[in-house]
file final_22.pdb (PDB, C-alpha atoms)
ATOM      1  CA  MET A 386      83.833 132.108  89.703  1.00  0.00           C
ATOM      2  CA  ILE A 387      86.073 132.201  92.754  1.00  0.00           C
ATOM      3  CA  ILE A 388      85.152 129.523  95.276  1.00  0.00           C
ATOM      4  CA  SER A 389      86.029 129.875  98.944  1.00  0.00           C
ATOM      5  CA  THR A 390      84.898 128.344 102.211  1.00  0.00           C
ATOM      6  CA  LEU A 391      82.199 131.026 102.354  1.00  0.00           C
ATOM      7  CA  THR A 392      80.676 130.196  98.964  1.00  0.00           C
ATOM      8  CA  PRO A 393      77.070 129.101  99.566  1.00  0.00           C
ATOM      9  CA  LYS A 394      76.142 125.681  98.178  1.00  0.00           C
ATOM     10  CA  GLU A 395      73.346 127.398  96.245  1.00  0.00           C
ATOM     11  CA  ASP A 396      75.967 129.345  94.283  1.00  0.00           C
ATOM     12  CA  LEU A 397      77.775 126.114  93.464  1.00  0.00           C
ATOM     13  CA  GLU A 398      74.538 124.520  92.334  1.00  0.00           C
ATOM     14  CA  SER A 399      73.497 127.464  90.170  1.00  0.00           C
ATOM     15  CA  SER A 400      76.907 127.702  88.493  1.00  0.00           C
ATOM     16  CA  ALA A 401      77.348 123.962  87.900  1.00  0.00           C
ATOM     17  CA  THR A 402      76.985 123.009  84.283  1.00  0.00           C
ATOM     18  CA  CYS A 403      76.973 119.380  83.261  1.00  0.00           C
ATOM     19  CA  ASN A 404      77.226 118.448  79.603  1.00  0.00           C
ATOM     20  CA  GLN A 405      76.177 114.890  80.514  1.00  0.00           C
ATOM     21  CA  CYS A 406      79.250 113.322  78.948  1.00  0.00           C
ATOM     22  CA  GLY A 407      79.328 110.690  81.696  1.00  0.00           C
ATOM     23  CA  HIS A 408      83.070 111.209  82.254  1.00  0.00           C
ATOM     24  CA  CYS A 409      82.795 111.753  86.025  1.00  0.00           C
ATOM     25  CA  CYS A 410      80.455 108.803  86.425  1.00  0.00           C
ATOM     26  CA  PHE A 411      82.532 106.407  84.331  1.00  0.00           C
ATOM     27  CA  PHE A 412      85.447 106.649  86.758  1.00  0.00           C
ATOM     28  CA  SER A 413      83.838 107.306  90.123  1.00  0.00           C
ATOM     29  CA  SER A 414      80.582 107.923  91.929  1.00  0.00           C
ATOM     30  CA  GLY A 415      79.067 110.674  94.006  1.00  0.00           C
ATOM     31  CA  ILE A 416      79.149 111.125  97.756  1.00  0.00           C
ATOM     32  CA  VAL A 417      75.782 110.794  99.468  1.00  0.00           C
ATOM     33  CA  LEU A 418      75.377 112.812 102.652  1.00  0.00           C
ATOM     34  CA  ASP A 419      73.507 111.227 105.553  1.00  0.00           C
ATOM     35  CA  GLU A 420      70.671 113.736 105.255  1.00  0.00           C
ATOM     36  CA  GLU A 421      70.161 112.791 101.580  1.00  0.00           C
ATOM     37  CA  ILE A 422      69.678 109.084 102.217  1.00  0.00           C
ATOM     38  CA  PRO A 423      66.028 109.246 103.396  1.00  0.00           C
ATOM     39  CA  GLY A 424      64.880 111.082 100.262  1.00  0.00           C
ATOM     40  CA  LEU A 425      66.783 108.749  97.946  1.00  0.00           C
ATOM     41  CA  ALA A 426      65.398 105.688  99.737  1.00  0.00           C
ATOM     42  CA  GLN A 427      61.893 107.119  99.462  1.00  0.00           C
ATOM     43  CA  HIS A 428      62.434 107.776  95.737  1.00  0.00           C
ATOM     44  CA  PHE A 429      63.166 104.064  95.275  1.00  0.00           C
ATOM     45  CA  GLY A 430      60.343 102.984  97.590  1.00  0.00           C
ATOM     46  CA  MET A 431      62.585 101.213 100.063  1.00  0.00           C
ATOM     47  CA  SER A 432      63.854 101.588 103.588  1.00  0.00           C
ATOM     48  CA  GLU A 433      67.065 103.472 104.281  1.00  0.00           C
ATOM     49  CA  ASP A 434      68.784 100.215 105.242  1.00  0.00           C
ATOM     50  CA  GLU A 435      67.675  98.540 102.002  1.00  0.00           C
ATOM     51  CA  PHE A 436      68.852 101.537  99.985  1.00  0.00           C
ATOM     52  CA  LYS A 437      72.249 101.553 101.704  1.00  0.00           C
ATOM     53  CA  ALA A 438      72.727  97.823 101.179  1.00  0.00           C
ATOM     54  CA  LYS A 439      71.719  97.898  97.513  1.00  0.00           C
ATOM     55  CA  TYR A 440      73.218 101.165  96.279  1.00  0.00           C
ATOM     56  CA  LEU A 441      75.828 102.560  98.677  1.00  0.00           C
ATOM     57  CA  GLU A 442      79.355 101.757  99.808  1.00  0.00           C
ATOM     58  CA  GLU A 443      81.435 103.397 102.492  1.00  0.00           C
ATOM     59  CA  PHE A 444      84.092 105.884 101.477  1.00  0.00           C
ATOM     60  CA  THR A 445      86.721 107.379 103.774  1.00  0.00           C
ATOM     61  CA  LYS A 446      88.593 110.613 103.172  1.00  0.00           C
ATOM     62  CA  LEU A 447      90.354 112.846 105.697  1.00  0.00           C
ATOM     63  CA  ASN A 448      89.625 110.176 108.313  1.00  0.00           C
ATOM     64  CA  THR A 449      85.880 110.719 107.853  1.00  0.00           C
ATOM     65  CA  THR A 450      83.620 107.997 106.509  1.00  0.00           C
ATOM     66  CA  LYS A 451      80.604 108.829 104.379  1.00  0.00           C
ATOM     67  CA  HIS A 452      78.681 106.889 101.759  1.00  0.00           C
ATOM     68  CA  ARG A 453      78.975 107.027  97.999  1.00  0.00           C
ATOM     69  CA  PHE A 454      77.108 105.255  95.266  1.00  0.00           C
ATOM     70  CA  LYS A 455      78.472 101.800  94.559  1.00  0.00           C
ATOM     71  CA  GLN A 456      80.942 101.565  91.736  1.00  0.00           C
ATOM     72  CA  LEU A 457      80.689  98.751  89.234  1.00  0.00           C
ATOM     73  CA  ARG A 458      84.311  97.660  88.916  1.00  0.00           C
ATOM     74  CA  ILE A 459      85.957  95.363  86.421  1.00  0.00           C
ATOM     75  CA  GLY A 460      88.095  92.774  88.175  1.00  0.00           C
ATOM     76  CA  ASN A 461      90.163  94.259  90.984  1.00  0.00           C
ATOM     77  CA  ALA A 462      90.123  97.795  89.606  1.00  0.00           C
ATOM     78  CA  PRO A 463      90.149 100.425  92.377  1.00  0.00           C
ATOM     79  CA  HIS A 464      87.513 102.489  90.577  1.00  0.00           C
ATOM     80  CA  GLY A 465      84.505 101.784  88.445  1.00  0.00           C
ATOM     81  CA  ARG A 466      81.478 103.441  86.984  1.00  0.00           C
ATOM     82  CA  CYS A 467      78.651 104.710  89.122  1.00  0.00           C
ATOM     83  CA  ILE A 468      75.838 102.227  89.579  1.00  0.00           C
ATOM     84  CA  PHE A 469      73.418 104.881  88.269  1.00  0.00           C
ATOM     85  CA  LEU A 470      75.210 105.601  84.990  1.00  0.00           C
ATOM     86  CA  ASP A 471      73.476 104.328  81.876  1.00  0.00           C
ATOM     87  CA  VAL A 472      76.441 103.305  79.749  1.00  0.00           C
ATOM     88  CA  ASP A 473      74.633 103.542  76.409  1.00  0.00           C
ATOM     89  CA  SER A 474      73.247 107.057  76.852  1.00  0.00           C
ATOM     90  CA  LYS A 475      76.077 108.212  79.185  1.00  0.00           C
ATOM     91  CA  LYS A 476      73.376 109.782  81.329  1.00  0.00           C
ATOM     92  CA  CYS A 477      72.544 109.582  85.011  1.00  0.00           C
ATOM     93  CA  THR A 478      69.465 107.472  85.659  1.00  0.00           C
ATOM     94  CA  ILE A 479      68.629 109.489  88.800  1.00  0.00           C
ATOM     95  CA  GLN A 480      69.220 112.949  87.338  1.00  0.00           C
ATOM     96  CA  ASP A 481      66.197 114.474  89.094  1.00  0.00           C
ATOM     97  CA  VAL A 482      67.213 113.283  92.583  1.00  0.00           C
ATOM     98  CA  LYS A 483      71.011 113.454  92.419  1.00  0.00           C
ATOM     99  CA  PRO A 484      72.742 114.310  95.707  1.00  0.00           C
ATOM    100  CA  LEU A 485      74.605 117.595  96.203  1.00  0.00           C
ATOM    101  CA  HIS A 486      78.022 116.141  95.350  1.00  0.00           C
ATOM    102  CA  CYS A 487      76.755 114.902  91.983  1.00  0.00           C
ATOM    103  CA  ARG A 488      75.002 118.200  91.267  1.00  0.00           C
ATOM    104  CA  VAL A 489      78.048 120.392  91.909  1.00  0.00           C
ATOM    105  CA  SER A 490      80.974 118.142  90.902  1.00  0.00           C
ATOM    106  CA  THR A 491      81.157 118.513  87.163  1.00  0.00           C
ATOM    107  CA  CYS A 492      83.818 118.981  84.495  1.00  0.00           C
ATOM    108  CA  GLN A 493      83.528 122.757  84.836  1.00  0.00           C
ATOM    109  CA  PRO A 494      86.758 124.795  84.919  1.00  0.00           C
ATOM    110  CA  HIS A 495      86.507 125.296  88.684  1.00  0.00           C
ATOM    111  CA  GLY A 496      85.636 121.642  89.384  1.00  0.00           C
ATOM    112  CA  GLU A 497      88.726 121.046  91.516  1.00  0.00           C
ATOM    113  CA  ASP A 498      87.815 123.966  93.764  1.00  0.00           C
ATOM    114  CA  VAL A 499      84.268 122.604  94.058  1.00  0.00           C
ATOM    115  CA  GLN A 500      85.746 119.313  95.262  1.00  0.00           C
ATOM    116  CA  LYS A 501      87.921 121.173  97.774  1.00  0.00           C
ATOM    117  CA  TRP A 502      84.809 123.038  98.983  1.00  0.00           C
ATOM    118  CA  PHE A 503      82.961 119.762  99.403  1.00  0.00           C
ATOM    119  CA  ASP A 504      85.878 118.116 101.219  1.00  0.00           C
ATOM    120  CA  TYR A 505      86.267 121.108 103.545  1.00  0.00           C
ATOM    121  CA  HIS A 506      82.570 121.231 104.413  1.00  0.00           C
ATOM    122  CA  HIS A 507      81.854 117.507 104.616  1.00  0.00           C
ATOM    123  CA  PHE A 508      85.067 115.592 105.357  1.00  0.00           C
ATOM    124  CA  LEU A 509      87.479 117.760 107.342  1.00  0.00           C
ATOM    125  CA  LYS A 510      87.060 117.422 111.108  1.00  0.00           C
ATOM    126  CA  LEU A 511      89.227 119.991 112.904  1.00  0.00           C
ATOM    127  CA  ASP A 512      88.782 118.179 116.226  1.00  0.00           C
ATOM    128  CA  ASP A 513      90.205 114.945 114.762  1.00  0.00           C
ATOM    129  CA  ARG A 514      94.009 114.783 114.716  1.00  0.00           C
ATOM    130  CA  ALA A 515      94.137 112.211 111.899  1.00  0.00           C
ATOM    131  CA  SER A 516      91.751 114.274 109.774  1.00  0.00           C
ATOM    132  CA  VAL A 517      93.934 117.374 110.249  1.00  0.00           C
ATOM    133  CA  ARG A 518      97.124 115.445 109.427  1.00  0.00           C
ATOM    134  CA  GLU A 519      95.573 114.065 106.238  1.00  0.00           C
ATOM    135  CA  TYR A 520      94.260 117.537 105.383  1.00  0.00           C
ATOM    136  CA  ALA A 521      97.755 119.007 105.749  1.00  0.00           C
ATOM    137  CA  ILE A 522      99.046 116.502 103.176  1.00  0.00           C
ATOM    138  CA  TYR A 523      96.012 117.169 100.971  1.00  0.00           C
ATOM    139  CA  CYS A 524      96.763 120.922 101.041  1.00  0.00           C
ATOM    140  CA  ASP A 525     100.448 120.331 100.271  1.00  0.00           C
ATOM    141  CA  LEU A 526      99.462 118.323  97.206  1.00  0.00           C
ATOM    142  CA  LYS A 527      96.430 120.228  95.927  1.00  0.00           C
ATOM    143  CA  GLY A 528      96.570 123.593  97.651  1.00  0.00           C
ATOM    144  CA  ALA A 529      93.922 124.881  99.993  1.00  0.00           C
ATOM    145  CA  LEU A 530      90.654 126.503  99.114  1.00  0.00           C
ATOM    146  CA  PRO A 531      90.692 130.233  99.986  1.00  0.00           C
ATOM    147  CA  GLY A 532      89.749 130.469 103.656  1.00  0.00           C
ATOM    148  CA  ALA A 533      90.594 126.817 104.304  1.00  0.00           C
ATOM    149  CA  GLU A 534      94.324 127.223 104.777  1.00  0.00           C
ATOM    150  CA  LEU A 535      95.341 125.256 107.850  1.00  0.00           C
ATOM    151  CA  GLY A 536      96.954 128.344 109.392  1.00  0.00           C
ATOM    152  CA  LYS A 537      93.588 130.142 109.201  1.00  0.00           C
ATOM    153  CA  LEU A 538      91.700 127.238 110.726  1.00  0.00           C
ATOM    154  CA  LEU A 539      93.929 126.369 113.670  1.00  0.00           C
ATOM    155  CA  SER A 540      96.526 128.118 115.804  1.00  0.00           C
ATOM    156  CA  LYS A 541     100.207 127.541 115.016  1.00  0.00           C
ATOM    157  CA  GLU A 542     100.565 125.799 118.370  1.00  0.00           C
ATOM    158  CA  ARG A 543      97.703 123.383 117.607  1.00  0.00           C
ATOM    159  CA  ILE A 544      99.088 122.645 114.137  1.00  0.00           C
ATOM    160  CA  LYS A 545     102.540 121.966 115.560  1.00  0.00           C
ATOM    161  CA  ASN A 546     101.023 119.736 118.230  1.00  0.00           C
ATOM    162  CA  ILE A 547      99.103 117.734 115.591  1.00  0.00           C
ATOM    163  CA  ILE A 548     101.520 117.491 112.690  1.00  0.00           C
ATOM    164  CA  GLY A 549     104.838 118.536 114.172  1.00  0.00           C
ATOM    165  CA  GLY A 550     107.362 120.875 112.612  1.00  0.00           C
ATOM    166  CA  ASP A 551     108.487 124.375 113.501  1.00  0.00           C
TER
END

call {"tool": "encode", "arguments": {"input": "final_22.pdb", "output": "structure tokens"}}
result
Amino acid sequence: MIISTLTPKEDLESSATCNQCGHCCFFSSGIVLDEEIPGLAQHFGMSEDEFKAKYLEEFTKLNTTKHRFKQLRIGNAPHGRCIFLDVDSKKCTIQDVKPLHCRVSTCQPHGEDVQKWFDYHHFLKLDDRASVREYAIYCDLKGALPGAELGKLLSKERIKNIIGGD
């Protein structure tokens, strides 16, 4: 599957296969979009504020802050396992109500492109200079998703104005 900026999220969801090994969830946690919070809070029978306080932490990428599930860290480790991972079974305890990021971000061969798709659609803010500068570095390191190359998103003049160079 070739993933681009135009790939519908439904295609990502239908192609995502998770073997429930727990690998992703042992070392990180999923991003929760603002529009997913009410349904998750309702699932747990609590208010959105209670849900955020109990289960979410802020996460910033490309100068954009979202929420992700809390990570249970050991000591001062920068990463930990997702709060919803059952360590014994290696299974997600909220499988039926997982947010989009958890549903599409799996160990599949095109997993890195799925992450790039998610970052492009949910973190990159083309009207935010810091976001664009961070995205330029991100693309230098990881490459851009087809259709998300900085030169296709902004004029050369705007890019030069934001990040400098020729």

call {"tool": "atom_distance", "arguments": {"input": "final_22.pdb", "atom1": "atom CA of Ile388 of chain A", "atom2": "atom CA of Lys501 of chain A"}}
result
9.1 Å

call {"tool": "closest_residue", "arguments": {"input": "final_22.pdb", "among": "A:Gln480, A:Asn461, A:Thr402, A:Gln456", "to": "Leu425 of chain A", "atoms": "only C-alpha atoms"}}
result
A:Gln480

call {"tool": "residues_around", "arguments": {"input": "final_22.pdb", "residues": "Lys451 of chain A", "least_positions_apart": "5", "cutoff": "12 Å", "atoms": "all atoms listed in the file", "output": "PyMOL selection string"}}
result
chain A and resi 415-422+437+441-446+486+504+507-509

call {"tool": "write_last_selection", "arguments": {"input": "final_22.pdb", "atoms": "C-alpha atoms", "output": "short mmCIF file (atom, residue, chain, number, x, y, z; two decimals), in the coordinates of the input"}}
result
data_model
loop_
_atom_site.label_atom_id
_atom_site.label_comp_id
_atom_site.auth_asym_id
_atom_site.auth_seq_id
_atom_site.Cartn_x
_atom_site.Cartn_y
_atom_site.Cartn_z
CA GLY A 415 79.07 110.67 94.01
CA ILE A 416 79.15 111.12 97.76
CA VAL A 417 75.78 110.79 99.47
CA LEU A 418 75.38 112.81 102.65
CA ASP A 419 73.51 111.23 105.55
CA GLU A 420 70.67 113.74 105.26
CA GLU A 421 70.16 112.79 101.58
CA ILE A 422 69.68 109.08 102.22
CA LYS A 437 72.25 101.55 101.70
CA LEU A 441 75.83 102.56 98.68
CA GLU A 442 79.36 101.76 99.81
CA GLU A 443 81.44 103.40 102.49
CA PHE A 444 84.09 105.88 101.48
CA THR A 445 86.72 107.38 103.77
CA LYS A 446 88.59 110.61 103.17
CA HIS A 486 78.02 116.14 95.35
CA ASP A 504 85.88 118.12 101.22
CA HIS A 507 81.85 117.51 104.62
CA PHE A 508 85.07 115.59 105.36
CA LEU A 509 87.48 117.76 107.34
#

call {"tool": "atom_distance", "arguments": {"input": "final_22.pdb", "atom1": "atom CA of Phe469 of chain A", "atom2": "atom CA of Glu433 of chain A"}}
result
17.3 Å

call {"tool": "resolve_selection", "arguments": {"input": "final_22.pdb", "expression": "the PyMOL selection byres ((chain A and resi 398) around 10)", "output": "NGL selection string"}}
result
:A and (393-397 or 399-402 or 485-490)

call {"tool": "resolve_selection", "arguments": {"input": "final_22.pdb", "expression": "the PyMOL selection byres ((chain A and resi 471) around 12)", "output": "JSON list (two decimals) with C-alpha atoms, in the frame of the given file"}}
result
[["chain", "number", "residue", "atom", "x", "y", "z"],
["A", 405, "GLN", "CA", 76.18, 114.89, 80.51],
["A", 406, "CYS", "CA", 79.25, 113.32, 78.95],
["A", 407, "GLY", "CA", 79.33, 110.69, 81.70],
["A", 408, "HIS", "CA", 83.07, 111.21, 82.25],
["A", 410, "CYS", "CA", 80.46, 108.80, 86.42],
["A", 411, "PHE", "CA", 82.53, 106.41, 84.33],
["A", 457, "LEU", "CA", 80.69, 98.75, 89.23],
["A", 466, "ARG", "CA", 81.48, 103.44, 86.98],
["A", 467, "CYS", "CA", 78.65, 104.71, 89.12],
["A", 468, "ILE", "CA", 75.84, 102.23, 89.58],
["A", 469, "PHE", "CA", 73.42, 104.88, 88.27],
["A", 470, "LEU", "CA", 75.21, 105.60, 84.99],
["A", 472, "VAL", "CA", 76.44, 103.30, 79.75],
["A", 473, "ASP", "CA", 74.63, 103.54, 76.41],
["A", 474, "SER", "CA", 73.25, 107.06, 76.85],
["A", 475, "LYS", "CA", 76.08, 108.21, 79.18],
["A", 476, "LYS", "CA", 73.38, 109.78, 81.33],
["A", 477, "CYS", "CA", 72.54, 109.58, 85.01],
["A", 478, "THR", "CA", 69.46, 107.47, 85.66],
["A", 479, "ILE", "CA", 68.63, 109.49, 88.80],
["A", 480, "GLN", "CA", 69.22, 112.95, 87.34]]

call {"tool": "residues_around", "arguments": {"input": "final_22.pdb", "residues": "segment 516-526 of chain A", "least_positions_apart": "3", "cutoff": "12 Å", "atoms": "all atoms listed in the file", "output": "short mmCIF file (atom, residue, chain, number, x, y, z; two decimals) with C-alpha atoms, keeping the file's coordinate frame"}}
result
data_model
loop_
_atom_site.label_atom_id
_atom_site.label_comp_id
_atom_site.auth_asym_id
_atom_site.auth_seq_id
_atom_site.Cartn_x
_atom_site.Cartn_y
_atom_site.Cartn_z
CA THR A 445 86.72 107.38 103.77
CA LYS A 446 88.59 110.61 103.17
CA LEU A 447 90.35 112.85 105.70
CA ASN A 448 89.62 110.18 108.31
CA THR A 449 85.88 110.72 107.85
CA THR A 450 83.62 108.00 106.51
CA ASP A 498 87.82 123.97 93.76
CA GLN A 500 85.75 119.31 95.26
CA LYS A 501 87.92 121.17 97.77
CA ASP A 504 85.88 118.12 101.22
CA TYR A 505 86.27 121.11 103.54
CA HIS A 507 81.85 117.51 104.62
CA PHE A 508 85.07 115.59 105.36
CA LEU A 509 87.48 117.76 107.34
CA LYS A 510 87.06 117.42 111.11
CA LEU A 511 89.23 119.99 112.90
CA ASP A 512 88.78 118.18 116.23
CA ASP A 513 90.20 114.94 114.76
CA ALA A 529 93.92 124.88 99.99
CA LEU A 530 90.65 126.50 99.11
CA PRO A 531 90.69 130.23 99.99
CA ALA A 533 90.59 126.82 104.30
CA GLU A 534 94.32 127.22 104.78
CA LEU A 535 95.34 125.26 107.85
CA GLY A 536 96.95 128.34 109.39
CA LEU A 538 91.70 127.24 110.73
CA LEU A 539 93.93 126.37 113.67
CA ARG A 543 97.70 123.38 117.61
CA ILE A 544 99.09 122.64 114.14
CA LYS A 545 102.54 121.97 115.56
CA ASN A 546 101.02 119.74 118.23
CA ILE A 547 99.10 117.73 115.59
CA ILE A 548 101.52 117.49 112.69
CA GLY A 549 104.84 118.54 114.17
CA GLY A 550 107.36 120.88 112.61
#

call {"tool": "closest_residue", "arguments": {"input": "final_22.pdb", "among": "A:Ala515, A:Met431, A:Cys403, A:Ala438", "to": "Thr491 of chain A", "atoms": "all atoms listed in the file"}}
result
A:Cys403

call {"tool": "build_atoms", "arguments": {"input": "final_22.pdb", "residues": "segment 475-506 of chain A", "atoms": "N, CA and C atoms", "output": "CSV table (one decimal), keeping the file's coordinate frame"}}
result
chain,number,residue,atom,x,y,z
A,475,LYS,N,75.1,107.4,78.4
A,475,LYS,CA,76.1,108.2,79.2
A,475,LYS,C,75.4,109.2,80.1
A,476,LYS,N,74.2,108.9,80.5
A,476,LYS,CA,73.4,109.8,81.3
A,476,LYS,C,73.1,109.1,82.7
A,477,CYS,N,72.9,110.0,83.7
A,477,CYS,CA,72.5,109.6,85.0
A,477,CYS,C,71.1,109.1,85.0
A,478,THR,N,70.8,108.0,85.6
A,478,THR,CA,69.5,107.5,85.7
A,478,THR,C,68.7,108.1,86.8
A,479,ILE,N,69.3,108.8,87.7
A,479,ILE,CA,68.6,109.5,88.8
A,479,ILE,C,68.9,111.0,88.7
A,480,GLN,N,68.9,111.5,87.6
A,480,GLN,CA,69.2,112.9,87.3
A,480,GLN,C,68.4,113.9,88.2
A,481,ASP,N,67.1,113.6,88.4
A,481,ASP,CA,66.2,114.5,89.1
A,481,ASP,C,66.4,114.4,90.6
A,482,VAL,N,67.1,113.4,91.1
A,482,VAL,CA,67.2,113.3,92.6
A,482,VAL,C,68.7,113.1,93.0
A,483,LYS,N,69.6,113.6,92.1
A,483,LYS,CA,71.0,113.5,92.4
A,483,LYS,C,71.4,114.2,93.7
A,484,PRO,N,72.3,113.6,94.5
A,484,PRO,CA,72.7,114.3,95.7
A,484,PRO,C,73.6,115.5,95.4
A,485,LEU,N,73.8,116.4,96.4
A,485,LEU,CA,74.6,117.6,96.2
A,485,LEU,C,75.9,117.4,95.5
A,486,HIS,N,76.7,116.4,95.9
A,486,HIS,CA,78.0,116.1,95.4
A,486,HIS,C,77.9,115.9,93.8
A,487,CYS,N,76.9,115.2,93.4
A,487,CYS,CA,76.8,114.9,92.0
A,487,CYS,C,76.3,116.2,91.2
A,488,ARG,N,75.5,117.0,91.9
A,488,ARG,CA,75.0,118.2,91.3
A,488,ARG,C,76.1,119.2,91.1
A,489,VAL,N,77.1,119.3,92.0
A,489,VAL,CA,78.0,120.4,91.9
A,489,VAL,C,79.4,119.9,91.4
A,490,SER,N,79.7,118.7,91.4
A,490,SER,CA,81.0,118.1,90.9
A,490,SER,C,80.9,117.8,89.4
A,491,THR,N,81.2,118.7,88.6
A,491,THR,CA,81.2,118.5,87.2
A,491,THR,C,82.5,118.8,86.5
A,492,CYS,N,82.6,118.7,85.2
A,492,CYS,CA,83.8,119.0,84.5
A,492,CYS,C,84.1,120.5,84.3
A,493,GLN,N,83.4,121.3,85.0
A,493,GLN,CA,83.5,122.8,84.8
A,493,GLN,C,85.0,123.2,85.2
A,494,PRO,N,85.4,124.3,84.7
A,494,PRO,CA,86.8,124.8,84.9
A,494,PRO,C,87.1,124.9,86.4
A,495,HIS,N,86.2,125.2,87.3
A,495,HIS,CA,86.5,125.3,88.7
A,495,HIS,C,86.1,124.0,89.5
A,496,GLY,N,86.0,122.9,88.8
A,496,GLY,CA,85.6,121.6,89.4
A,496,GLY,C,86.5,121.2,90.5
A,497,GLU,N,87.8,121.4,90.4
A,497,GLU,CA,88.7,121.0,91.5
A,497,GLU,C,88.4,121.9,92.8
A,498,ASP,N,88.1,123.1,92.6
A,498,ASP,CA,87.8,124.0,93.8
A,498,ASP,C,86.5,123.5,94.4
A,499,VAL,N,85.5,123.1,93.5
A,499,VAL,CA,84.3,122.6,94.1
A,499,VAL,C,84.5,121.4,94.9
A,500,GLN,N,85.4,120.5,94.5
A,500,GLN,CA,85.7,119.3,95.3
A,500,GLN,C,86.4,119.7,96.6
A,501,LYS,N,87.3,120.7,96.5
A,501,LYS,CA,87.9,121.2,97.8
A,501,LYS,C,86.9,121.7,98.7
A,502,TRP,N,85.9,122.5,98.2
A,502,TRP,CA,84.8,123.0,99.0
A,502,TRP,C,84.0,121.9,99.7
A,503,PHE,N,83.7,120.9,98.9
A,503,PHE,CA,83.0,119.8,99.4
A,503,PHE,C,83.8,119.0,100.5
A,504,ASP,N,85.0,118.8,100.2
A,504,ASP,CA,85.9,118.1,101.2
A,504,ASP,C,86.0,118.9,102.5
A,505,TYR,N,86.2,120.2,102.4
A,505,TYR,CA,86.3,121.1,103.5
A,505,TYR,C,85.0,121.1,104.4
A,506,HIS,N,83.8,121.2,103.7
A,506,HIS,CA,82.6,121.2,104.4
A,506,HIS,C,82.1,119.9,104.9
